[in-house]
Amino acid sequence: MEDDHMKLVPIANVGRIMKQILPPTAKISKEAKERMQKCASEFISFVTGEASDKCHKENRRTVNGDDICWALNSLGFDDYAEVMLRYLYKLRDFEKLRANQNKVLGLNDDEDNTDDEEPPSATTSPVPLEFNILERGQRFN
């Protein structure tokens, strides 16, 4: 049974991701974007629900990245879990690096920067983390 009141991933985001994968000349129908939006939203809900159940059993109220990776693995999405876990570790390393840079520069993430000058770019322009799209059966190295 379809849940009509389920929150959906923004369709603009779905369309943007679809365009990145397809050739530049490809057209995407509104119907295709809507269907992908529903599928992506259902998948996120499914995985998040599994992670939430785990947290509930452990008397925790906050779902974290490790819980999502565990849920992916427990639901049989092992390849996704492996890639997401590596991404999560890279993200955490990046956040530690940025926090250390802020300490060295005397900045605090909680402070509002009300000066007219711009803060150093090292603290405001994070290096983007990359996702590698894998072909079916290909392993992440």
# chains A, B, ... in the order shown; residues from 1 in each chain; ligands from 1
$ residues_around --residues "region 8-20 of chain A" --least-positions-apart "6" --cutoff "12 Å" --atoms "only C-alpha atoms" --output "ChimeraX atom specification"
/A:26-45,133
$ select_by_dssp --residues "region 4-100 of chain A" --states "alpha helix (DSSP H)" --output "JSON, numbers by chain"
{"A": [11, 12, 13, 14, 15, 16, 17, 18, 19, 20, 21, 30, 31, 32, 33, 34, 35, 36, 37, 38, 39, 40, 41, 42, 43, 44, 45, 46, 47, 48, 49, 50, 51, 52, 53, 54, 55, 56, 57, 65, 66, 67, 68, 69, 70, 71, 72, 73, 74, 78, 79, 80, 81, 82, 83, 84, 85, 86, 87, 88, 89, 90, 91, 92, 93, 94, 95, 96, 97, 98, 99, 100]}
$ closest_residue --among "A:Thr25, A:Arg60, A:Leu85, A:Ser52" --to "Asn73 (chain A)" --atoms "only C-alpha atoms"
A:Leu85
$ atom_distance --atom1 "CA of Ala51 (chain A)" --atom2 "CA of Gly65 (chain A)"
9.3 Å
$ atom_distance --atom1 "CA of Asp78 (chain A)" --atom2 "CA of Leu91 (chain A)"
19.7 Å
